[in-house]
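Student: Structure file start03.tsv (TSV, C-alpha atoms) is given on the next line.
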```
chain	number	residue	atom	x	y	z
B	1	MET	CA	14.17	13.69	-15.14
B	2	THR	CA	17.52	12.31	-16.34
B	3	LYS	CA	19.90	15.00	-17.56
B	4	PHE	CA	22.81	14.50	-19.92
B	5	LEU	CA	25.60	16.96	-20.65
B	6	ALA	CA	27.43	16.37	-23.94
B	7	VAL	CA	30.84	17.84	-24.75
B	8	VAL	CA	30.97	17.69	-28.55
B	9	GLN	CA	32.42	19.65	-31.43
B	10	SER	CA	30.52	17.98	-34.26
B	11	ASP	CA	27.18	19.45	-35.34
B	12	SER	CA	26.08	16.12	-36.75
B	13	LEU	CA	26.79	14.39	-33.43
B	14	GLU	CA	24.75	17.02	-31.61
B	15	ILE	CA	21.81	16.25	-33.89
B	16	GLU	CA	22.24	12.51	-33.30
B	17	LEU	CA	22.26	12.93	-29.52
B	18	GLU	CA	19.22	15.19	-29.52
B	19	ALA	CA	17.29	12.64	-31.61
B	20	ALA	CA	18.43	9.70	-29.45
B	21	THR	CA	17.51	11.50	-26.23
B	22	SER	CA	14.05	12.50	-27.44
B	23	ALA	CA	13.36	8.88	-28.50
B	24	LEU	CA	14.11	7.46	-25.03
B	25	GLU	CA	11.24	6.39	-22.79
B	26	GLY	CA	10.67	8.64	-19.79
B	27	ASP	CA	11.85	12.17	-19.07
B	28	HIS	CA	15.32	12.94	-20.45
B	29	SER	CA	17.10	16.09	-21.57
B	30	VAL	CA	20.49	16.84	-23.07
B	31	GLY	CA	22.58	20.01	-22.95
B	32	PHE	CA	25.70	20.76	-24.96
B	33	CYS	CA	29.13	22.30	-24.42
B	34	THR	CA	31.91	22.63	-26.94
B	35	ASP	CA	34.91	22.39	-24.59
B	36	LEU	CA	36.05	21.22	-21.19
B	37	SER	CA	36.11	24.64	-19.48
B	38	SER	CA	32.47	25.39	-20.35
B	39	ALA	CA	31.51	21.88	-19.21
B	40	ILE	CA	33.20	22.40	-15.84
B	41	HIS	CA	31.38	25.71	-15.40
B	42	SER	CA	28.05	24.08	-16.24
B	43	MET	CA	28.63	21.18	-13.84
B	44	ARG	CA	29.38	23.54	-10.95
B	45	HIS	CA	25.78	24.72	-11.20
B	46	ASP	CA	24.05	21.53	-12.26
B	47	ALA	CA	25.71	18.13	-12.10
B	48	PRO	CA	24.33	15.92	-14.90
B	49	ASP	CA	23.38	12.28	-14.52
B	50	LEU	CA	25.69	11.37	-17.42
B	51	LEU	CA	28.54	13.27	-19.04
B	52	LEU	CA	28.93	12.38	-22.73
B	53	VAL	CA	32.34	13.21	-24.25
B	54	GLU	CA	33.31	13.06	-27.91
B	55	LEU	CA	36.72	11.35	-28.03
B	56	SER	CA	39.17	12.98	-30.37
B	57	GLY	CA	41.60	10.06	-30.60
B	58	SER	CA	44.33	12.00	-28.82
B	59	ARG	CA	46.05	10.76	-25.68
B	60	GLU	CA	46.74	14.37	-24.75
B	61	SER	CA	43.01	15.04	-24.57
B	62	LEU	CA	42.63	12.12	-22.13
B	63	ASP	CA	45.33	13.62	-19.93
B	64	VAL	CA	43.32	16.84	-19.81
B	65	TRP	CA	40.23	14.93	-18.74
B	66	GLN	CA	42.13	13.00	-16.09
B	67	HIS	CA	43.34	16.28	-14.63
B	68	ALA	CA	39.81	17.68	-14.67
B	69	ILE	CA	38.38	14.58	-12.94
B	70	GLU	CA	40.94	14.82	-10.15
B	71	VAL	CA	40.98	18.60	-9.66
B	72	HIS	CA	37.28	19.33	-10.09
B	73	GLN	CA	36.12	16.07	-8.49
B	74	ILE	CA	33.80	15.04	-11.31
B	75	THR	CA	31.65	12.26	-9.85
B	76	CYS	CA	29.02	11.73	-12.54
B	77	PRO	CA	29.71	8.83	-14.95
B	78	ILE	CA	31.66	9.85	-18.06
B	79	ILE	CA	30.73	8.16	-21.33
B	80	GLY	CA	33.07	8.31	-24.32
B	81	ILE	CA	31.56	8.69	-27.79
B	82	LEU	CA	33.37	6.68	-30.45
B	83	ASP	CA	33.35	6.70	-34.22
B	84	ASP	CA	31.79	3.59	-35.68
B	85	ASP	CA	35.15	2.34	-37.00
B	86	ALA	CA	36.97	2.62	-33.65
B	87	ASP	CA	38.91	-0.53	-32.69
B	88	PRO	CA	37.80	-1.91	-29.27
B	89	SER	CA	41.31	-3.23	-28.72
B	90	ASP	CA	42.81	0.19	-29.33
B	91	GLY	CA	45.11	1.27	-26.50
B	92	LEU	CA	43.29	4.61	-26.45
B	93	LEU	CA	40.14	2.95	-25.12
B	94	VAL	CA	42.11	1.16	-22.43
B	95	GLU	CA	43.66	4.47	-21.45
B	96	ALA	CA	40.22	6.12	-21.36
B	97	VAL	CA	38.99	3.47	-18.91
B	98	ARG	CA	42.08	4.02	-16.76
B	99	VAL	CA	41.45	7.76	-16.73
B	100	GLY	CA	37.88	7.27	-15.53
B	101	PHE	CA	35.56	6.78	-18.51
B	102	ARG	CA	32.82	4.36	-17.47
B	103	ASP	CA	31.39	3.25	-20.81
B	104	PHE	CA	31.32	4.03	-24.52
B	105	LEU	CA	28.67	5.00	-27.05
B	106	ARG	CA	29.23	4.30	-30.75
B	107	ARG	CA	28.19	6.54	-33.58
B	108	PRO	CA	25.76	6.98	-35.07
B	109	ALA	CA	24.22	7.59	-31.64
B	110	SER	CA	20.84	5.90	-31.27
B	111	ALA	CA	18.21	5.62	-28.57
B	112	GLY	CA	18.89	1.89	-28.23
B	113	GLU	CA	22.62	2.39	-27.72
B	114	LEU	CA	22.04	5.23	-25.26
B	115	ALA	CA	19.46	3.22	-23.30
B	116	GLY	CA	21.96	0.36	-23.01
B	117	VAL	CA	24.60	2.70	-21.61
B	118	ILE	CA	22.11	4.06	-19.08
B	119	ARG	CA	21.21	0.55	-17.90
B	120	ARG	CA	24.84	-0.51	-17.53
B	121	VAL	CA	25.80	2.62	-15.64
B	122	ALA	CA	22.76	2.35	-13.35
B	123	ARG	CA	23.78	-1.16	-12.30
B	124	SER	CA	27.27	-0.14	-11.29
B	125	ARG	CA	26.89	3.53	-10.39
B	126	PRO	CA	28.22	4.49	-6.93
B	127	GLU	CA	25.70	6.05	-4.57
B	128	SER	CA	27.78	9.23	-4.20
B	129	GLY	CA	27.34	10.03	-7.86
B	130	ARG	CA	23.55	10.26	-7.77
B	131	ARG	CA	21.78	13.58	-7.97
B	132	GLY	CA	19.28	14.60	-5.34
B	133	ARG	CA	15.51	14.57	-5.75
B	134	LEU	CA	13.49	17.76	-5.54
B	135	LEU	CA	9.94	18.29	-4.26
B	136	ALA	CA	8.31	21.64	-5.04
B	137	VAL	CA	5.43	22.71	-2.78
B	138	ALA	CA	3.23	25.25	-4.53
B	139	SER	CA	-0.02	27.19	-4.37
B	140	THR	CA	-1.54	30.17	-6.12
B	141	LYS	CA	-2.38	32.16	-2.98
B	142	GLY	CA	-1.03	32.63	0.51
B	143	GLY	CA	-2.69	31.32	3.64
B	144	VAL	CA	-3.53	27.82	2.41
B	145	GLY	CA	-0.78	26.11	4.43
B	146	LYS	CA	1.81	25.63	1.71
B	147	SER	CA	4.74	26.64	3.94
B	148	THR	CA	3.51	24.53	6.83
B	149	ILE	CA	3.34	21.44	4.64
B	150	ALA	CA	6.78	22.10	3.12
B	151	ILE	CA	8.43	22.72	6.50
B	152	ASN	CA	6.86	19.78	8.34
B	153	THR	CA	7.63	17.43	5.45
B	154	ALA	CA	11.26	18.58	5.38
B	155	VAL	CA	11.68	18.13	9.14
B	156	HIS	CA	10.18	14.64	8.96
B	157	TRP	CA	12.45	13.60	6.10
B	158	ALA	CA	15.52	14.90	7.92
B	159	ALA	CA	14.59	13.13	11.15
B	160	THR	CA	13.55	9.76	9.73
B	161	THR	CA	15.93	9.11	6.83
B	162	ASN	CA	19.67	8.73	6.45
B	163	GLN	CA	19.65	11.33	3.71
B	164	ARG	CA	20.89	14.90	3.58
B	165	VAL	CA	17.80	17.11	3.37
B	166	LEU	CA	17.63	20.78	2.37
B	167	LEU	CA	14.65	23.13	2.67
B	168	VAL	CA	14.82	26.12	0.31
B	169	ASP	CA	12.49	28.96	1.27
B	170	ALA	CA	11.82	30.36	-2.19
B	171	SER	CA	8.79	32.31	-1.04
B	172	LEU	CA	11.06	35.29	-1.59
B	173	GLN	CA	8.76	38.15	-0.62
B	174	LEU	CA	7.30	36.64	2.54
B	175	GLY	CA	9.25	33.53	3.53
B	176	VAL	CA	8.47	32.19	7.00
B	177	ALA	CA	10.59	29.03	7.23
B	178	ALA	CA	13.13	30.50	9.66
B	179	SER	CA	10.39	31.79	11.94
B	180	LEU	CA	8.39	28.55	11.93
B	181	LEU	CA	11.56	26.63	12.80
B	182	ASP	CA	12.74	29.16	15.40
B	183	LEU	CA	15.99	29.76	13.50
B	184	THR	CA	18.12	32.88	13.10
B	185	PRO	CA	20.02	32.40	9.83
B	186	GLU	CA	23.32	34.16	9.25
B	187	MET	CA	23.00	33.82	5.47
B	188	THR	CA	19.97	33.66	3.20
B	189	ILE	CA	19.20	32.82	-0.41
B	190	ALA	CA	20.02	36.45	-1.30
B	191	ASP	CA	23.60	35.96	-0.05
B	192	VAL	CA	23.87	32.75	-2.07
B	193	ALA	CA	22.60	34.61	-5.14
B	194	ALA	CA	25.44	37.12	-4.78
B	195	MET	CA	28.01	34.31	-4.98
B	196	ARG	CA	26.32	32.25	-7.69
B	197	ASP	CA	29.28	32.46	-10.11
B	198	ARG	CA	31.48	30.55	-7.65
B	199	LEU	CA	28.79	28.51	-5.93
B	200	ASP	CA	29.39	24.77	-5.57
B	201	ALA	CA	28.03	21.93	-3.45
B	202	THR	CA	30.52	22.35	-0.59
B	203	MET	CA	29.87	26.07	-0.31
B	204	LEU	CA	26.09	25.61	-0.33
B	205	ARG	CA	26.22	23.06	2.50
B	206	GLU	CA	28.35	25.45	4.56
B	207	VAL	CA	26.08	28.50	4.24
B	208	THR	CA	22.82	26.76	5.17
B	209	THR	CA	21.36	26.96	8.69
B	210	ARG	CA	21.06	23.69	10.60
B	211	HIS	CA	17.88	22.73	12.46
B	212	GLU	CA	17.91	20.38	15.45
B	213	SER	CA	16.21	17.69	13.32
B	214	GLY	CA	19.26	17.60	11.05
B	215	LEU	CA	17.50	19.62	8.35
B	216	HIS	CA	19.54	22.20	6.41
B	217	VAL	CA	17.64	25.41	5.68
B	218	LEU	CA	18.29	28.08	3.06
B	219	SER	CA	16.10	30.91	4.27
B	220	ALA	CA	14.27	33.58	2.29
B	221	PRO	CA	15.78	37.09	2.08
B	222	PRO	CA	15.11	39.36	5.08
B	223	THR	CA	13.45	42.10	2.98
B	224	PRO	CA	11.57	42.29	-0.34
B	225	ALA	CA	14.36	44.51	-1.68
B	226	ASP	CA	16.89	41.72	-1.17
B	227	ALA	CA	14.55	39.31	-2.93
B	228	SER	CA	14.88	41.26	-6.17
B	229	GLU	CA	18.39	39.84	-6.61
B	230	VAL	CA	17.01	36.30	-7.04
B	231	ASP	CA	15.67	35.80	-10.57
B	232	ASP	CA	14.73	32.64	-12.44
B	233	THR	CA	18.26	32.05	-13.76
B	234	CYS	CA	19.73	32.44	-10.29
B	235	MET	CA	17.10	30.12	-8.80
B	236	SER	CA	17.84	27.48	-11.43
B	237	ILE	CA	21.57	27.64	-10.61
B	238	ILE	CA	20.96	27.39	-6.85
B	239	LEU	CA	18.65	24.40	-7.21
B	240	GLY	CA	21.04	22.68	-9.60
B	241	VAL	CA	23.82	22.96	-7.03
B	242	ALA	CA	21.41	21.92	-4.27
B	243	LYS	CA	20.64	18.64	-6.07
B	244	SER	CA	24.37	17.96	-6.19
B	245	ALA	CA	24.89	18.77	-2.50
B	246	PHE	CA	21.83	17.09	-0.95
B	247	ASP	CA	19.89	13.87	-1.36
B	248	LEU	CA	16.49	15.49	-0.91
B	249	VAL	CA	15.54	19.10	-1.62
B	250	ILE	CA	12.18	20.65	-0.69
B	251	VAL	CA	11.31	24.05	-2.13
B	252	ASP	CA	8.64	26.23	-0.58
B	253	SER	CA	7.75	28.31	-3.64
B	254	PHE	CA	6.21	31.77	-3.87
B	255	PRO	CA	2.40	31.73	-4.39
B	256	LEU	CA	2.61	33.17	-7.87
B	257	LEU	CA	3.09	31.63	-11.31
B	258	ASP	CA	6.08	33.70	-12.42
B	259	ALA	CA	9.35	32.84	-14.16
B	260	THR	CA	11.07	31.93	-10.87
B	261	THR	CA	8.30	29.51	-9.91
B	262	LEU	CA	8.42	27.92	-13.36
B	263	ALA	CA	12.20	27.47	-12.96
B	264	ILE	CA	11.49	25.60	-9.71
B	265	PHE	CA	8.96	23.34	-11.44
B	266	ASP	CA	11.52	22.62	-14.16
B	267	ARG	CA	13.97	21.30	-11.54
B	268	ALA	CA	11.40	19.27	-9.60
B	269	GLU	CA	10.86	15.52	-9.71
B	270	HIS	CA	7.47	16.04	-8.04
B	271	VAL	CA	5.15	18.98	-7.36
B	272	ALA	CA	2.76	19.13	-4.39
B	273	VAL	CA	-0.07	21.58	-5.14
B	274	VAL	CA	-1.80	22.86	-2.00
B	275	THR	CA	-5.33	24.23	-2.15
B	276	GLU	CA	-8.51	24.72	-0.07
B	277	ASN	CA	-12.15	23.79	-0.63
B	278	VAL	CA	-13.00	27.42	-1.39
B	279	VAL	CA	-14.12	28.35	-4.90
B	280	PRO	CA	-11.79	31.38	-5.46
B	281	THR	CA	-8.78	29.35	-4.35
B	282	LEU	CA	-9.80	26.42	-6.54
B	283	THR	CA	-10.06	28.73	-9.56
B	284	GLY	CA	-6.39	29.66	-9.15
B	285	THR	CA	-5.47	26.02	-8.58
B	286	ALA	CA	-7.17	25.04	-11.83
B	287	ALA	CA	-4.98	27.54	-13.68
B	288	MET	CA	-1.86	26.12	-12.02
B	289	LEU	CA	-2.76	22.56	-12.97
B	290	LYS	CA	-3.26	23.67	-16.57
B	291	THR	CA	0.18	25.30	-16.51
B	292	LEU	CA	1.72	22.10	-15.16
B	293	ASP	CA	0.13	20.21	-18.05
B	294	GLN	CA	1.72	22.66	-20.49
B	295	LEU	CA	5.09	22.17	-18.75
B	296	ASP	CA	4.72	18.39	-19.16
B	297	VAL	CA	4.48	17.88	-15.39
B	298	ARG	CA	2.16	14.91	-15.72
B	299	ARG	CA	-0.25	13.71	-13.06
B	300	ASP	CA	2.13	11.01	-11.89
B	301	ARG	CA	4.60	13.79	-11.06
B	302	ARG	CA	2.25	15.88	-8.94
B	303	SER	CA	-0.03	15.57	-5.91
B	304	LEU	CA	-3.08	17.68	-5.11
B	305	ILE	CA	-3.45	18.33	-1.38
B	306	LEU	CA	-6.77	19.67	-0.07
B	307	ASN	CA	-5.69	21.52	3.07
B	308	ARG	CA	-7.40	23.30	6.00
B	309	PHE	CA	-10.51	21.32	5.11
B	310	GLN	CA	-13.70	22.34	6.93
B	311	ASN	CA	-17.04	20.66	6.40
B	312	CYS	CA	-19.39	23.60	6.66
B	313	ALA	CA	-22.42	24.96	4.79
B	314	GLY	CA	-21.57	25.87	1.22
B	315	SER	CA	-18.12	24.24	1.21
B	316	LEU	CA	-17.14	21.67	-1.40
B	317	SER	CA	-16.48	18.04	-0.54
B	318	ALA	CA	-13.30	16.27	-1.66
B	319	ALA	CA	-15.28	14.50	-4.37
B	320	GLU	CA	-16.66	17.81	-5.63
B	321	VAL	CA	-13.15	19.30	-5.69
B	322	THR	CA	-11.94	16.34	-7.72
B	323	GLU	CA	-14.83	16.77	-10.13
B	324	GLN	CA	-14.31	20.51	-10.50
B	325	LEU	CA	-10.53	20.33	-11.01
B	326	ARG	CA	-10.60	17.02	-12.92
B	327	GLU	CA	-7.67	15.98	-10.76
B	328	PRO	CA	-7.62	13.30	-8.05
B	329	VAL	CA	-7.11	14.58	-4.52
B	330	ALA	CA	-4.13	12.82	-2.92
B	331	ALA	CA	-4.91	13.89	0.66
B	332	VAL	CA	-7.56	15.81	2.57
B	333	ILE	CA	-6.22	17.52	5.67
B	334	LYS	CA	-8.68	18.93	8.17
B	335	TYR	CA	-8.38	22.24	9.99
B	336	ASP	CA	-6.85	22.10	13.47
B	337	ARG	CA	-5.88	25.06	15.67
B	338	ARG	CA	-2.90	23.13	17.07
B	339	VAL	CA	-1.01	23.94	13.89
B	340	LEU	CA	-1.19	27.64	14.74
B	341	GLU	CA	0.01	26.92	18.27
B	342	ALA	CA	3.00	24.99	16.90
B	343	ALA	CA	3.82	27.84	14.51
B	344	ASN	CA	3.81	30.38	17.34
B	345	LEU	CA	6.21	28.20	19.34
B	346	GLY	CA	8.55	27.54	16.40
B	347	HIS	CA	8.21	23.77	16.83
B	348	PRO	CA	6.87	21.85	13.81
B	349	VAL	CA	3.70	19.99	14.64
B	350	ILE	CA	5.09	16.89	12.94
B	351	SER	CA	7.64	16.58	15.77
B	352	THR	CA	4.96	15.24	18.13
B	353	ARG	CA	5.33	11.50	18.59
B	354	ARG	CA	1.63	10.60	18.50
B	355	TRP	CA	0.44	8.59	15.51
B	356	TRP	CA	-2.98	10.22	15.75
B	357	GLY	CA	-4.11	13.79	15.35
B	358	VAL	CA	-2.37	16.47	13.35
B	359	GLY	CA	1.18	15.22	13.98
B	360	GLY	CA	0.40	11.72	12.81
B	361	ALA	CA	-1.51	13.02	9.80
B	362	MET	CA	1.42	15.17	8.71
B	363	ARG	CA	3.79	12.19	9.07
B	364	LYS	CA	1.62	10.05	6.81
B	365	LEU	CA	1.52	12.77	4.18
B	366	ALA	CA	5.29	13.28	4.39
B	367	ASP	CA	5.91	9.54	3.96
B	368	GLU	CA	3.65	9.45	0.91
B	369	LEU	CA	5.41	12.46	-0.65
B	370	LEU	CA	8.77	10.78	0.01
B	371	ARG	CA	7.57	7.76	-1.95
B	372	ARG	CA	6.25	9.90	-4.78
B	373	VAL	CA	9.39	11.99	-5.13
B	374	GLY	CA	11.24	8.77	-5.90
B	375	SER	CA	13.72	8.62	-3.04
B	376	ASP	CA	15.98	5.60	-2.72
B	377	PRO	CA	14.21	3.34	-0.17
B	378	ALA	CA	17.55	1.83	0.89
B	379	LYS	CA	18.40	5.10	2.59
B	380	VAL	CA	15.22	5.40	4.63
B	381	THR	CA	15.52	4.66	8.34
B	382	ALA	CA	12.80	2.49	9.83
B	383	VAL	CA	10.27	4.41	11.92
B	384	PRO	CA	7.41	3.10	14.05
B	385	SER	CA	4.46	2.13	11.89
B	386	PRO	CA	0.92	3.38	12.53
B	387	SER	CA	-1.91	0.95	12.99
B	388	ALA	CA	-3.44	-0.57	9.92
B	389	THR	CA	-6.51	1.66	10.21
B	390	GLU	CA	-4.33	4.78	10.12
B	391	ARG	CA	-2.18	3.94	7.11
B	392	VAL	CA	-2.33	6.15	4.04
B	393	THR	CA	-2.45	4.50	0.65
B	394	SER	CA	-1.61	6.15	-2.64
B	395	ASP	CA	-4.90	5.05	-4.19
B	396	GLN	CA	-7.43	6.52	-1.81
B	397	VAL	CA	-8.38	9.96	-0.59
B	398	THR	CA	-7.36	10.23	3.06
B	399	GLU	CA	-8.91	12.48	5.63
B	400	GLN	CA	-6.20	13.73	7.94
B	401	GLN	CA	-5.99	16.25	10.71
B	402	ALA	CA	-5.35	19.91	10.01
B	403	VAL	CA	-2.43	21.75	8.60
B	404	SER	CA	-2.60	25.50	8.29
```
Turn the structure described in the file into structure tokens.
Tutor:
Amino acid sequence: MTKFLAVVQSDSLEIELEAATSALEGDHSVGFCTDLSSAIHSMRHDAPDLLLVELSGSRESLDVWQHAIEVHQITCPIIGILDDDADPSDGLLVEAVRVGFRDFLRRPASAGELAGVIRRVARSRPESGRRGRLLAVASTKGGVGKSTIAINTAVHWAATTNQRVLLVDASLQLGVAASLLDLTPEMTIADVAAMRDRLDATMLREVTTRHESGLHVLSAPPTPADASEVDDTCMSIILGVAKSAFDLVIVDSFPLLDATTLAIFDRAEHVAVVTENVVPTLTGTAAMLKTLDQLDVRRDRRSLILNRFQNCAGSLSAAEVTEQLREPVAAVIKYDRRVLEAANLGHPVISTRRWWGVGGAMRKLADELLRRVGSDPAKVTAVPSPSATERVTSDQVTEQQAVS
């Protein structure tokens, strides 16, 4: 989703921008602030893709923006909004470019004009100004392997890409990320929640725990009592800052459809839904998929993973799961006790170098999720390729080895 933040004083301009944004193709949203100070506060928590600023025609106002760009290190492209009768040769526009404005949008604001600005900025936008991509890993019950998939995927991304990767353990009541990675965090998401009013990208990077793979981890609170401090608003703020501080963010969500989980879905570019071929679990999964439909998380923005698959009497096949849920299964991952052994040792099973078995299967799934989350392929480091018979395609159901 592309997010705009508009700093405007005119009610009519706000209406124009809302209409233009809703008419754009794809997922776009726009938020509004009336002054610079409120915009700075908003950007600390959630850096927008574009900052739209109504120009007042005053050179003094440009000086204020120049100071803000330098002091607060605003890196997202700033677009000036001009009245229709503004003179392109006006010295004010030249000064705006010198200050740091990247482009201009004329009133009345239209979808066509806004789309043109987006295209021009995208062609010239520096890499450092891009927001991170977020993958949410979700389920409606514990024990289906949601955390194992989230953790192994995060470790693989950190080890095989040139990108900064963060794992957020948002399974607040029973998070296991630190244990499965054999980490002892000094600070957790509860500590970050306590400092949310002054949280920024630099601070978040400093308080995370570093894994040997290069992965940054923001662990779950140590007790359920501490978890009560993290509500949906706080989670939204933390994830907004995380997407400014890291290239890739993976969130291991709590197995419950509450307000906090919905806030995670709202921030996510892609949602991986983990389930089993057991009827009670599939009933809960069906409810989650319906909720995702209501949240406009379309099928191209989610993947259904059939995990801990066992072919035994009375169990459903992958085809039957697809028929029952009316949702294509992206991957079928078979049960394997080696996952439990890896968990007990605190060493992710994906760290094994074999291209077969459970480690290879998890790597294939992680690579496919990386593609689906929309990561920049230019930043991905080359890794050894599996044989042609082992490759996973996005169009077929793949049977892979187990993940708990």
Student: Between B:Thr285, B:Ser10, B:Thr184, B:Ser56, which one has atoms that come closest to B:Arg326, using only C-alpha atoms?
Tutor: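 Of the candidates, the smallest distance to B:Arg326 is held by B:Thr285.
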Student: Edge lengths and centre in Å to one decimal, as JSON, of the axis-aligned box that encloses all listed atoms of stretch 215-221 of chain B with 6 Å added on every side?
Tutor:
```
{"center_x": 16.9, "center_y": 28.4, "center_z": 5.2, "size_x": 17.3, "size_y": 29.5, "size_z": 18.3}
```
Student: Using Å and a single decimal, report how far atom CA of B:Arg196 sits from atom CA of B:Ser219.
Tutor: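 About the pair atom CA of B:Ser219 and atom CA of B:Arg196: they are 15.8 Å apart.
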Student: Kindly indicate which residue among B:His270, B:Ser110, B:Met1, B:Pro77 lies nearest to B:Arg123, using all atoms listed in the file for the distances.
Tutor: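 When distances to B:Arg123 are compared using all atoms listed in the file, the smallest one comes from B:Pro77.
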Student: Find, counting all atoms listed in the file, the residue in B:Ala47, B:Leu204, B:Leu114, B:Ala343 that gets nearest to B:Leu5.
Tutor: B:Ala47
Student: Give me, as a PyMOL selection string, all polymer residues having an atom no more than 9 Å from B:Thr188, counting all atoms listed in the file and skipping those fewer than 6 positions away in the same chain.
Tutor: chain B and resi 207-209+217-222
Student: Counting all atoms listed in the file, give me one row per residue of stretch 214-296 of chain B with an atom at most 9 Å from an atom of stretch 159-163 of chain B, showing the shortest contact pair and its distance in Å to one decimal, sorted by chain then residue number, as JSON lines.
Tutor:
```
{"residue": "B:Gly214", "atom": "CA", "partner": "B:Ala159", "partner_atom": "CA", "distance": 6.5}
{"residue": "B:Leu215", "atom": "CA", "partner": "B:Ala159", "partner_atom": "CA", "distance": 7.6}
{"residue": "B:Phe246", "atom": "CA", "partner": "B:Gln163", "partner_atom": "CA", "distance": 7.7}
{"residue": "B:Asp247", "atom": "CA", "partner": "B:Gln163", "partner_atom": "CA", "distance": 5.7}
{"residue": "B:Leu248", "atom": "CA", "partner": "B:Gln163", "partner_atom": "CA", "distance": 7.0}
```
Student: Would you export the selected residues with C-alpha atoms as a JSON list (two decimals), keeping the file's coordinate frame, please?
Tutor:
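The new file selection-v5.json reads:
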```json
[["chain", "number", "residue", "atom", "x", "y", "z"],
["B", 214, "GLY", "CA", 19.26, 17.60, 11.05],
["B", 215, "LEU", "CA", 17.50, 19.62, 8.35],
["B", 246, "PHE", "CA", 21.83, 17.09, -0.95],
["B", 247, "ASP", "CA", 19.89, 13.87, -1.36],
["B", 248, "LEU", "CA", 16.49, 15.49, -0.91]]
```
Student: What is the atom CA of B:Ala177-atom CA of B:Gly346 distance in Å, reported with one decimal?
Tutor: 9.5 Å
Student: So how many Å separate atom CA of B:Ala194 and atom CA of B:Asp226, to one decimal?
Tutor: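 Separation between atom CA of B:Ala194 and atom CA of B:Asp226: 10.4 Å.
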Student: Leaving out B:Met195 and any residue of its chain fewer than 4 positions from it, which residues lie within 12 Å of it when counting only C-alpha atoms, given as JSON, numbers by chain?
Tutor: {"B": [45, 187, 188, 189, 190, 191, 199, 200, 203, 204, 207, 229, 230, 234, 237, 238]}
Student: Would you kindly identify which residues have an atom no farther than 12 Å from (31.0, 7.7, -34.1), using all atoms listed in the file and the file's own coordinates, and write them out as number ranges by chain?
Tutor: B: 8, 10, 12-14, 16-17, 53-57, 80-87, 104-110, 113
Student: Determine the nearest neighbour of B:Val271 from the options B:Arg363, B:Arg372, B:Lys243, B:Arg205, counting only C-alpha atoms.
Tutor: B:Arg372
Student: Out of B:Leu292, B:Leu52, B:Leu282, B:Val97, which residue has the shortest atom-to-atom distance to B:Ala6 when counting all atoms listed in the file?
Tutor: B:Leu52
Student: Which residue out of B:Thr275, B:Ser213, B:Ser139, B:Ser171 has the minimum interatomic distance to B:Ala330 when only C-alpha atoms are used?
Tutor: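 Answer, going by the shortest atom-to-atom distance: B:Thr275.
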Student: Show which residues sit within 12 Å of B:Ala138, as a tab-separated table (two decimals) with C-alpha atoms, in the coordinates of the input. Count all atoms listed in the file, and ignore same-chain residues fewer than 3 positions away.
Tutor:
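around.tsv, freshly written:
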```
chain	number	residue	atom	x	y	z
B	135	LEU	CA	9.94	18.29	-4.26
B	141	LYS	CA	-2.38	32.16	-2.98
B	142	GLY	CA	-1.03	32.63	0.51
B	143	GLY	CA	-2.69	31.32	3.64
B	144	VAL	CA	-3.53	27.82	2.41
B	145	GLY	CA	-0.78	26.11	4.43
B	146	LYS	CA	1.81	25.63	1.71
B	147	SER	CA	4.74	26.64	3.94
B	148	THR	CA	3.51	24.53	6.83
B	149	ILE	CA	3.34	21.44	4.64
B	150	ALA	CA	6.78	22.10	3.12
B	169	ASP	CA	12.49	28.96	1.27
B	170	ALA	CA	11.82	30.36	-2.19
B	171	SER	CA	8.79	32.31	-1.04
B	250	ILE	CA	12.18	20.65	-0.69
B	251	VAL	CA	11.31	24.05	-2.13
B	252	ASP	CA	8.64	26.23	-0.58
B	253	SER	CA	7.75	28.31	-3.64
B	254	PHE	CA	6.21	31.77	-3.87
B	255	PRO	CA	2.40	31.73	-4.39
B	256	LEU	CA	2.61	33.17	-7.87
B	257	LEU	CA	3.09	31.63	-11.31
B	258	ASP	CA	6.08	33.70	-12.42
B	261	THR	CA	8.30	29.51	-9.91
B	262	LEU	CA	8.42	27.92	-13.36
B	264	ILE	CA	11.49	25.60	-9.71
B	265	PHE	CA	8.96	23.34	-11.44
B	268	ALA	CA	11.40	19.27	-9.60
B	270	HIS	CA	7.47	16.04	-8.04
B	271	VAL	CA	5.15	18.98	-7.36
B	272	ALA	CA	2.76	19.13	-4.39
B	273	VAL	CA	-0.07	21.58	-5.14
B	274	VAL	CA	-1.80	22.86	-2.00
B	275	THR	CA	-5.33	24.23	-2.15
B	284	GLY	CA	-6.39	29.66	-9.15
B	285	THR	CA	-5.47	26.02	-8.58
B	288	MET	CA	-1.86	26.12	-12.02
B	289	LEU	CA	-2.76	22.56	-12.97
B	292	LEU	CA	1.72	22.10	-15.16
B	302	ARG	CA	2.25	15.88	-8.94
B	303	SER	CA	-0.03	15.57	-5.91
B	304	LEU	CA	-3.08	17.68	-5.11
B	305	ILE	CA	-3.45	18.33	-1.38
```
